[in-house]
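What follows is the content of structure_4.txt, which has compact mmCIF, C-alpha atoms:
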```
# COMPACT_ATOMS: atom_id res chain seq x y z
CA MET I 1 127.04 80.63 179.97
CA LYS I 2 126.62 84.31 180.67
CA GLN I 3 127.38 85.11 176.98
CA LEU I 4 124.70 82.68 175.82
CA GLN I 5 122.12 84.36 178.07
CA ILE I 6 122.96 87.75 176.56
CA TRP I 7 122.36 86.46 172.97
CA VAL I 8 119.04 84.92 174.01
CA CYS I 9 117.90 88.26 175.42
CA VAL I 10 118.92 90.09 172.24
CA ALA I 11 117.03 87.65 170.04
CA ALA I 12 113.93 87.90 172.20
CA ALA I 13 114.00 91.70 172.05
CA ALA I 14 114.34 91.63 168.29
CA MET I 15 111.32 89.41 167.95
CA LEU I 16 109.33 91.60 170.33
CA TYR I 17 110.03 94.97 168.78
CA ALA I 18 110.65 94.10 165.04
CA CYS I 19 108.25 95.20 162.31
CA ASP I 20 105.45 92.85 161.39
CA ARG I 21 106.48 91.76 157.85
CA THR I 22 103.92 89.97 155.72
CA VAL I 23 104.89 88.42 152.40
CA THR I 24 102.07 88.66 149.89
CA TYR I 25 101.80 87.58 146.28
CA GLU I 26 99.22 87.84 143.54
CA GLU I 27 98.53 84.86 141.36
CA GLN I 28 97.84 85.68 137.74
CA VAL I 29 96.42 83.11 135.39
CA VAL I 30 97.25 83.77 131.73
CA GLN I 31 94.55 82.46 129.46
CA ALA I 32 95.61 80.60 126.33
CA SER I 33 92.93 82.25 124.21
CA THR I 34 95.45 84.64 122.63
CA CYS I 35 97.68 81.74 121.58
CA PHE I 36 94.67 79.96 120.11
CA ASN I 37 94.15 82.85 117.69
CA CYS I 38 96.98 81.27 115.70
CA HIS I 39 97.68 77.89 117.29
CA SER I 40 94.23 76.41 117.02
CA ASP I 41 93.37 72.80 116.33
CA GLN I 42 90.39 74.12 114.37
CA ASP I 43 92.39 76.26 111.94
CA THR I 44 95.18 74.50 110.05
CA LYS I 45 96.53 77.48 108.10
CA LEU I 46 99.78 77.56 110.07
CA VAL I 47 100.19 73.81 109.73
CA ALA I 48 99.69 74.07 105.97
CA ALA I 49 102.16 76.96 105.73
CA GLU I 50 104.75 74.96 107.65
CA GLN I 51 104.33 71.90 105.46
CA GLN I 52 104.49 73.96 102.27
CA TYR I 53 107.55 75.82 103.47
CA ALA I 54 109.45 72.57 103.92
CA PHE I 55 109.59 72.33 100.09
CA SER I 56 110.88 75.89 99.58
CA VAL I 57 114.42 76.81 98.64
CA HIS I 58 114.44 79.20 101.60
CA ALA I 59 113.96 76.32 104.02
CA SER I 60 116.77 74.27 102.49
CA GLY I 61 119.42 76.32 104.28
CA THR I 62 121.71 76.35 101.25
CA ALA I 63 122.21 80.11 101.61
CA VAL I 64 123.42 79.88 105.23
CA SER I 65 126.93 79.21 103.92
CA GLU I 66 127.25 83.02 103.63
CA PRO I 67 127.06 84.17 107.30
CA ASN I 68 129.36 87.20 106.97
CA ASP I 69 128.79 90.88 106.12
CA PRO I 70 127.32 91.83 103.67
CA CYS I 71 125.91 88.44 102.68
CA SER I 72 124.43 87.65 106.09
CA GLY I 73 121.86 90.43 105.65
CA CYS I 74 119.90 88.17 103.31
CA HIS I 75 121.47 84.75 103.65
CA THR I 76 120.74 84.27 107.36
CA SER I 77 117.61 84.84 109.43
CA GLU I 78 119.52 86.72 112.12
CA GLY I 79 121.29 88.98 109.64
CA PHE I 80 118.08 89.83 107.79
CA VAL I 81 116.18 90.71 110.97
CA GLN I 82 119.02 92.94 112.20
CA ARG I 83 119.32 94.65 108.81
CA ILE I 84 115.61 95.44 108.66
CA GLN I 85 115.36 96.53 112.30
CA THR I 86 118.56 98.58 112.60
CA GLY I 87 119.88 99.17 109.09
CA THR I 88 123.12 97.41 110.01
CA ILE I 89 124.47 93.99 109.03
CA PRO I 90 126.33 91.80 111.53
CA ALA I 91 129.97 91.20 110.65
CA THR I 92 129.50 87.52 111.40
CA VAL I 93 126.47 85.53 112.49
CA ASP I 94 127.40 82.79 114.93
CA ASN I 95 125.27 79.66 114.63
CA PRO I 96 123.21 81.12 111.76
CA THR I 97 119.79 79.76 110.92
CA ALA I 98 118.07 79.47 107.56
CA ILE I 99 115.31 81.83 106.49
CA ASN I 100 112.28 80.78 108.55
CA CYS I 101 108.86 81.96 109.71
CA PHE I 102 110.29 84.54 112.12
CA THR I 103 112.58 85.98 109.45
CA CYS I 104 109.60 87.46 107.65
CA HIS I 105 107.06 87.64 110.48
CA ALA I 106 107.19 88.62 114.17
CA PRO I 107 103.85 87.35 115.51
CA HIS I 108 104.96 87.06 119.14
CA THR I 109 106.13 90.68 119.06
CA ASN I 110 103.50 92.27 116.85
CA GLY I 111 100.58 90.06 117.81
CA ASP I 112 99.79 89.30 114.18
CA MET I 113 101.35 87.93 110.99
CA THR I 114 102.24 91.22 109.34
CA ARG I 115 105.48 91.22 107.42
CA ARG I 116 108.65 92.82 108.73
CA VAL I 117 108.89 94.86 105.51
CA GLU I 118 105.81 96.76 104.36
CA SER I 119 107.19 99.84 102.59
CA PRO I 120 108.66 99.82 99.07
CA MET I 121 112.33 98.86 99.04
CA PRO I 122 114.53 100.78 96.56
CA MET I 123 116.64 98.92 94.05
CA ALA I 124 120.37 99.65 93.99
CA ASN I 125 119.78 102.46 91.46
CA GLY I 126 117.24 104.15 93.76
CA VAL I 127 114.12 103.12 91.82
CA SER I 128 111.23 101.61 93.77
CA PHE I 129 107.67 100.53 93.13
CA ASP I 130 105.04 99.70 95.75
CA LEU I 131 104.26 95.98 95.51
CA ASN I 132 102.31 96.02 98.80
CA ASP I 133 102.85 92.65 100.51
CA GLY I 134 105.42 91.82 97.84
CA ASN I 135 107.69 94.58 99.16
CA LEU I 136 109.11 92.00 101.55
CA CYS I 137 110.57 90.00 98.65
CA THR I 138 112.29 93.03 97.15
CA ALA I 139 114.40 93.46 100.30
CA CYS I 140 116.66 90.65 99.05
CA HIS I 141 115.65 89.59 95.55
CA GLN I 142 117.44 92.40 93.72
CA SER I 143 120.72 92.89 91.89
CA ARG I 144 122.37 94.83 94.76
CA ARG I 145 124.41 96.86 92.28
CA ASN I 146 123.64 100.13 90.55
CA VAL I 147 124.07 99.83 86.81
CA ASN I 148 124.56 103.60 86.57
CA THR I 149 127.80 103.45 88.56
CA TYR I 150 128.81 99.81 88.26
CA VAL I 151 128.71 99.63 84.46
CA THR I 152 128.60 103.27 83.44
CA THR I 153 131.94 104.57 84.71
CA THR I 154 133.61 107.96 84.43
CA SER I 155 136.45 106.44 82.41
CA GLY I 156 134.12 104.50 80.15
CA ARG I 157 136.12 101.34 80.90
CA VAL I 158 135.08 98.37 83.04
CA THR I 159 137.17 95.47 84.33
CA LEU I 160 135.28 92.19 84.32
CA THR I 161 135.91 89.13 86.49
CA SER I 162 134.11 85.82 86.89
CA ARG I 163 132.25 87.35 89.87
CA TRP I 164 131.34 90.57 88.07
CA GLY I 165 127.70 91.38 87.37
CA PRO I 166 124.32 91.66 89.10
CA HIS I 167 123.94 89.65 92.29
CA HIS I 168 122.03 86.38 92.08
CA GLY I 169 118.28 86.81 92.13
CA PRO I 170 117.53 90.21 90.52
CA GLN I 171 113.84 89.35 90.14
CA SER I 172 112.62 92.64 91.64
CA ASP I 173 114.65 94.69 89.16
CA MET I 174 113.13 92.71 86.33
CA LEU I 175 109.54 92.82 87.61
CA ILE I 176 109.76 96.58 88.16
CA GLY I 177 111.61 97.02 84.87
CA THR I 178 114.73 98.90 85.92
CA ASN I 179 118.49 98.65 86.44
CA GLY I 180 119.26 97.07 83.10
CA TYR I 181 121.95 98.62 80.91
CA GLU I 182 119.90 100.82 78.59
CA TYR I 183 121.55 102.02 75.39
CA PRO I 184 120.54 105.62 74.71
CA THR I 185 119.21 105.06 71.17
CA TYR I 186 117.04 102.05 72.00
CA THR I 187 113.41 102.29 73.16
CA TYR I 188 112.66 99.97 76.08
CA GLU I 189 109.12 98.73 76.72
CA GLN I 190 107.44 97.29 79.80
CA THR I 191 104.87 94.61 80.49
CA ASN I 192 102.23 95.14 83.13
CA HIS I 193 102.82 92.46 85.77
CA LYS I 194 104.03 94.87 88.45
CA SER I 195 100.80 96.88 88.52
CA ALA I 196 98.40 94.22 87.26
CA THR I 197 98.99 92.33 90.51
CA ASN I 198 97.93 93.47 93.96
CA ASP I 199 100.93 92.11 95.83
CA GLY I 200 103.53 91.67 93.12
CA CYS I 201 105.57 88.50 93.60
CA LEU I 202 103.13 86.93 96.06
CA ASP I 203 100.14 87.00 93.71
CA CYS I 204 101.81 84.33 91.59
CA HIS I 205 104.34 82.59 93.81
CA MET I 206 101.87 82.07 96.66
CA LYS I 207 98.89 81.16 94.50
CA HIS I 208 97.62 77.98 96.10
CA ALA I 209 97.65 74.82 94.06
CA GLU I 210 96.52 71.32 94.92
CA ASN I 211 99.72 70.13 96.61
CA LEU I 212 102.36 71.35 99.05
CA ARG I 213 105.21 71.62 96.55
CA VAL I 214 104.15 74.61 94.45
CA GLY I 215 102.48 77.86 95.47
CA GLY I 216 101.65 78.83 99.00
CA HIS I 217 104.63 79.08 101.36
CA ALA I 218 106.66 76.78 99.10
CA PHE I 219 106.82 79.79 96.73
CA ASN I 220 107.77 77.44 93.90
CA MET I 221 106.37 77.91 90.43
CA THR I 222 107.78 74.53 89.42
CA TYR I 223 108.92 71.51 91.42
CA ASP I 224 110.60 68.34 90.20
CA ASP I 225 110.02 65.44 92.60
CA GLY I 226 112.01 63.02 90.47
CA THR I 227 109.00 61.47 88.79
CA GLU I 228 107.22 64.54 87.43
CA VAL I 229 107.63 68.29 87.14
CA MET I 230 104.76 70.12 88.82
CA VAL I 231 103.90 73.57 87.48
CA ASN I 232 101.81 76.19 89.26
CA THR I 233 100.00 77.46 86.17
CA ALA I 234 97.02 78.12 88.44
CA ALA I 235 98.82 81.37 89.23
CA CYS I 236 98.30 82.51 85.63
CA ALA I 237 94.68 81.44 85.20
CA ASP I 238 92.97 84.61 86.47
CA CYS I 239 94.52 86.68 83.69
CA HIS I 240 95.60 84.19 81.03
CA GLY I 241 93.17 81.30 81.38
CA ASP I 242 94.14 77.66 81.69
CA LEU I 243 97.71 76.94 80.60
CA ASP I 244 99.78 73.79 80.35
CA ASP I 245 103.07 75.63 80.96
CA PHE I 246 104.49 79.14 81.28
CA ASP I 247 105.57 79.47 77.65
CA LEU I 248 102.60 81.68 76.79
CA ASP I 249 102.62 82.46 73.05
CA GLY I 250 106.19 81.15 72.96
CA TYR I 251 107.55 84.09 74.99
CA GLN I 252 109.89 81.93 77.10
CA THR I 253 111.19 80.23 73.96
CA GLN I 254 111.83 83.66 72.41
CA THR I 255 113.69 84.86 75.51
CA ASP I 256 115.83 81.70 75.65
CA SER I 257 116.74 82.17 72.00
CA LEU I 258 117.81 85.78 72.63
CA VAL I 259 119.89 84.74 75.66
CA THR I 260 121.65 82.10 73.55
CA ASP I 261 122.26 84.57 70.72
CA LEU I 262 123.72 87.21 73.03
CA ARG I 263 125.86 84.68 74.88
CA THR I 264 127.29 83.36 71.60
CA ARG I 265 128.25 86.88 70.54
CA LEU I 266 129.78 87.67 73.95
CA VAL I 267 131.87 84.49 73.78
CA ALA I 268 133.04 85.41 70.28
CA ALA I 269 133.92 88.91 71.50
CA GLY I 270 136.04 87.45 74.30
CA HIS I 271 133.88 88.82 77.12
CA VAL I 272 132.29 85.58 78.35
CA THR I 273 133.72 82.08 78.81
CA GLY I 274 132.00 79.54 76.59
CA SER I 275 132.12 76.64 79.06
CA THR I 276 130.71 78.48 82.09
CA GLY I 277 128.91 81.49 80.66
CA LEU I 278 130.69 83.67 83.23
CA PRO I 279 132.53 86.90 82.39
CA ARG I 280 136.19 86.68 81.45
CA ALA I 281 138.89 88.69 83.26
CA VAL I 282 139.14 91.50 80.70
CA THR I 283 138.83 95.27 80.57
CA THR I 284 136.34 96.60 78.06
CA SER I 285 134.04 99.53 77.31
CA SER I 286 130.94 100.32 79.34
CA ASP I 287 128.76 99.51 76.33
CA SER I 288 130.34 96.08 75.92
CA ALA I 289 130.12 95.47 79.67
CA GLY I 290 126.50 96.57 79.46
CA ALA I 291 125.76 93.73 77.04
CA VAL I 292 127.36 91.31 79.54
CA TRP I 293 125.30 92.84 82.36
CA ASN I 294 122.04 92.40 80.43
CA TYR I 295 122.89 88.80 79.58
CA LEU I 296 123.65 87.99 83.24
CA LEU I 297 120.53 89.86 84.40
CA ALA I 298 118.35 87.67 82.18
CA MET I 299 120.12 84.51 83.29
CA GLU I 300 119.96 85.30 87.02
CA ASP I 301 116.29 86.34 86.82
CA ARG I 302 115.45 82.76 85.83
CA SER I 303 111.88 83.51 84.75
CA GLN I 304 112.78 83.26 81.04
CA GLY I 305 110.97 86.52 80.49
CA VAL I 306 107.83 85.91 82.55
CA HIS I 307 108.51 88.67 85.09
CA ASN I 308 108.77 91.40 82.46
CA ARG I 309 109.00 89.95 78.99
CA LYS I 310 109.21 93.20 77.03
CA TYR I 311 111.92 94.70 79.23
CA ILE I 312 114.08 91.58 79.37
CA GLN I 313 113.82 91.02 75.64
CA GLY I 314 114.60 94.70 75.00
CA LEU I 315 117.77 94.47 77.08
CA LEU I 316 118.87 91.35 75.19
CA LYS I 317 117.99 92.72 71.75
CA SER I 318 119.80 96.01 72.36
CA GLY I 319 122.90 94.14 73.56
CA ILE I 320 122.84 92.01 70.42
CA ALA I 321 122.38 95.09 68.22
CA TYR I 322 125.33 96.80 69.89
CA LEU I 323 127.62 93.83 69.29
CA GLN I 324 126.35 93.58 65.69
CA GLY I 325 127.08 97.25 65.14
CA THR I 326 123.46 97.92 64.13
CA LEU I 327 122.52 100.10 67.12
CA PRO I 328 122.03 103.73 65.99
CA VAL I 329 124.78 106.11 67.06
CA PRO I 330 123.53 108.47 69.80
CA VAL I 331 123.02 112.08 68.84
CA GLU I 332 124.71 114.60 71.13
CA GLY I 333 122.17 116.11 73.50
CA ALA I 334 119.55 113.44 72.81
CA PRO I 335 117.59 112.02 75.80
CA VAL I 336 119.01 108.89 77.40
CA ALA I 337 117.29 105.57 76.68
CA ALA I 338 113.71 106.19 75.65
CA ARG I 339 111.16 104.22 77.66
CA LYS I 340 107.68 103.16 76.66
CA GLU I 341 105.28 102.04 79.36
CA ASP I 342 102.61 99.45 78.70
CA GLY I 343 99.02 100.47 79.36
CA GLY I 344 98.07 100.79 83.00
CA GLU I 345 101.62 101.12 84.30
CA GLY I 346 102.04 103.22 87.42
CA SER I 347 104.89 105.69 87.79
CA ARG I 348 108.12 104.54 89.35
```
Any chance you could give the structure as structure tokens?
Amino acid sequence: MKQLQIWVCVAAAAMLYACDRTVTYEEQVVQASTCFNCHSDQDTKLVAAEQQYAFSVHASGTAVSEPNDPCSGCHTSEGFVQRIQTGTIPATVDNPTAINCFTCHAPHTNGDMTRRVESPMPMANGVSFDLNDGNLCTACHQSRRNVNTYVTTTSGRVTLTSRWGPHHGPQSDMLIGTNGYEYPTYTYEQTNHKSATNDGCLDCHMKHAENLRVGGHAFNMTYDDGTEVMVNTAACADCHGDLDDFDLDGYQTQTDSLVTDLRTRLVAAGHVTGSTGLPRAVTTSSDSAGAVWNYLLAMEDRSQGVHNRKYIQGLLKSGIAYLQGTLPVPVEGAPVAARKEDGGEGSR
């Protein structure tokens, strides 16, 4: 009983002499007006972009099957963001996600829809060209290999395999007009798409059409829905007028014919497998490997010459001439691979 009385006295003294502590808080109300700058029920641009994107190859997630270094730097959203932000590629991406809105944009960080890549991205051979908003595309859509070291070797010999060649999707190399195997006695020309457009790739691939499947954030130039093939020829109209397809003046047909011709010769030479069109496991000269490289570059570009018709056709023609034995023999001390720029071309 006496012990209980002591504890009561101690508690009373503590209450009497303790500091007066007041808990205060400030209530802050965050207005939604900032969110409404993008997420407005009056502006459907984001809704349209989302619906268009659903038809894109990016959204399909087919590339997510490559979540390891170095592939994850382009084939996963997480790997791409890390590569652009830090210059490093994750060894493995756990639970990878497909390329999505936040792969290319960081609106909740930046407060706007600017792209994560705004500066020119160099190709594997060090060449770059400022495509403005299209610079984002060049971060991944390039050959990833430098023709000057990959094909041109110190020994002059190259070992081919079925996986040898430019990486899939070398569209930036082709649009810019670089990183093909250029024979020193052949003059290579350029078309003007890279500088005739304001934003390179985006000027055509994002040109809005009348449906969700082509143009816009679908990025498709063609789309086959099983009943019809839709073509985004509206992208060409500003410069070339109304077109029914992309085979302007038969240029795609010409390019296809050259690809077939070169492939036939490479098969006959034992460098390419006839059934697959892939390189055979052989060791050959840099010049012969260069013809294989140019063939694969044209195939992987998949524009059938549209991106840079003169350059692609020059690469194919020079490869054919080499295999035919009709390419002039280089003169010692002569300049390497003459280049002829089309009117209006900017410097690289």
TODO: Select, from I:Gly319, I:Gly325, I:Gly180, I:Gly290, the residue with the minimum atom-to-atom distance to Gly156 of chain I, counting only C-alpha atoms.
DONE: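 Using only C-alpha atoms, Gly156 of chain I sits closest to I:Gly290.
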- [ ] Find the residues around Thr264 of chain I up to 12 Å (all atoms listed in the file counted), leave out those fewer than 3 positions away in its own chain, and share them as a list in words.
- [x] Ser257, Leu258, Val259, Thr260, Asp261, Val267, Ala268, Ala269, Gly270, His271, Val272, Thr273, Gly274, Ser275, Gly277, Ala291, Val292, Tyr295, Gly319, Ile320, Leu323 and Gln324 of chain I
TODO: Tell me which of I:Ile84, I:Val93, I:Ala59, I:Leu136 sits closest to Thr114 of chain I, counting all atoms listed in the file.
DONE: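 Nearest to Thr114 of chain I: I:Leu136.
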Open item on the list: Can you measure atom CA of Lys310 of chain I to atom CA of Thr191 of chain I for me? One decimal in Å is fine.
Closed with: 5.7 Å
Task: Nearest to Asp203 of chain I, chosen from I:Glu66, I:Asp133, I:Asp41, I:Asp173, with all atoms listed in the file counted in the distances - done: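 Residue with the minimum atom-to-atom distance to Asp203 of chain I: I:Asp133.
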Open item on the list: Just checking: using only C-alpha atoms, which residue out of I:Thr178, I:Ser65, I:Ser288, I:Gln42 ends up closest to Arg265 of chain I?
Closed with: I:Ser288
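Atom to atom, atom CA of Lys317 of chain I and atom CA of Gly177 of chain I stand 15.2 Å apart.
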TODO: Write out as a list in words each polymer residue whose atoms come within 10 Å of Asp130 of chain I, counting all atoms listed in the file; drop sequence neighbours fewer than 4 positions from it.
DONE: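 Neighbouring residues, sequence-local ones excluded: Glu118, Ser119, Pro120, Met121, Pro122, Gly134, Asn135, Thr138, Ile176, Lys194, Ser195, Asn198, Asp199, Gly200, Gly346, Ser347 and Arg348 of chain I.
Of the listed residues (I:Ala139, I:Cys104, I:Val127, I:Leu278), I:Ala139 comes nearest to Gly73 of chain I; the distances count only C-alpha atoms.
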- [ ] Give as an MDAnalysis selection string each residue that has an atom at most 10 Å from (123.4, 75.6, 103.5) in the file, counting only C-alpha atoms.
- [x] chainID I and resid 58:66 75:76 96:98
Task: Spatial neighbours of Met299 of chain I, max dist 10 Å, only C-alpha atoms, sep filter under 2 positions, as JSON, numbers by chain - done: {"I": [168, 169, 170, 256, 259, 277, 293, 294, 295, 296, 297, 301, 302, 303, 304, 305]}
- [ ] Just give me the gap between atom CA of Thr103 of chain I and atom CA of Ser77 of chain I in Å, one decimal is fine.
- [x]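 Atom CA of Thr103 of chain I sits 5.2 Å away from atom CA of Ser77 of chain I.
Distance check against Gly111 of chain I using only C-alpha atoms: of I:Thr149, I:Asn192, I:Asn37, I:Thr187, the minimum falls on I:Asn37.
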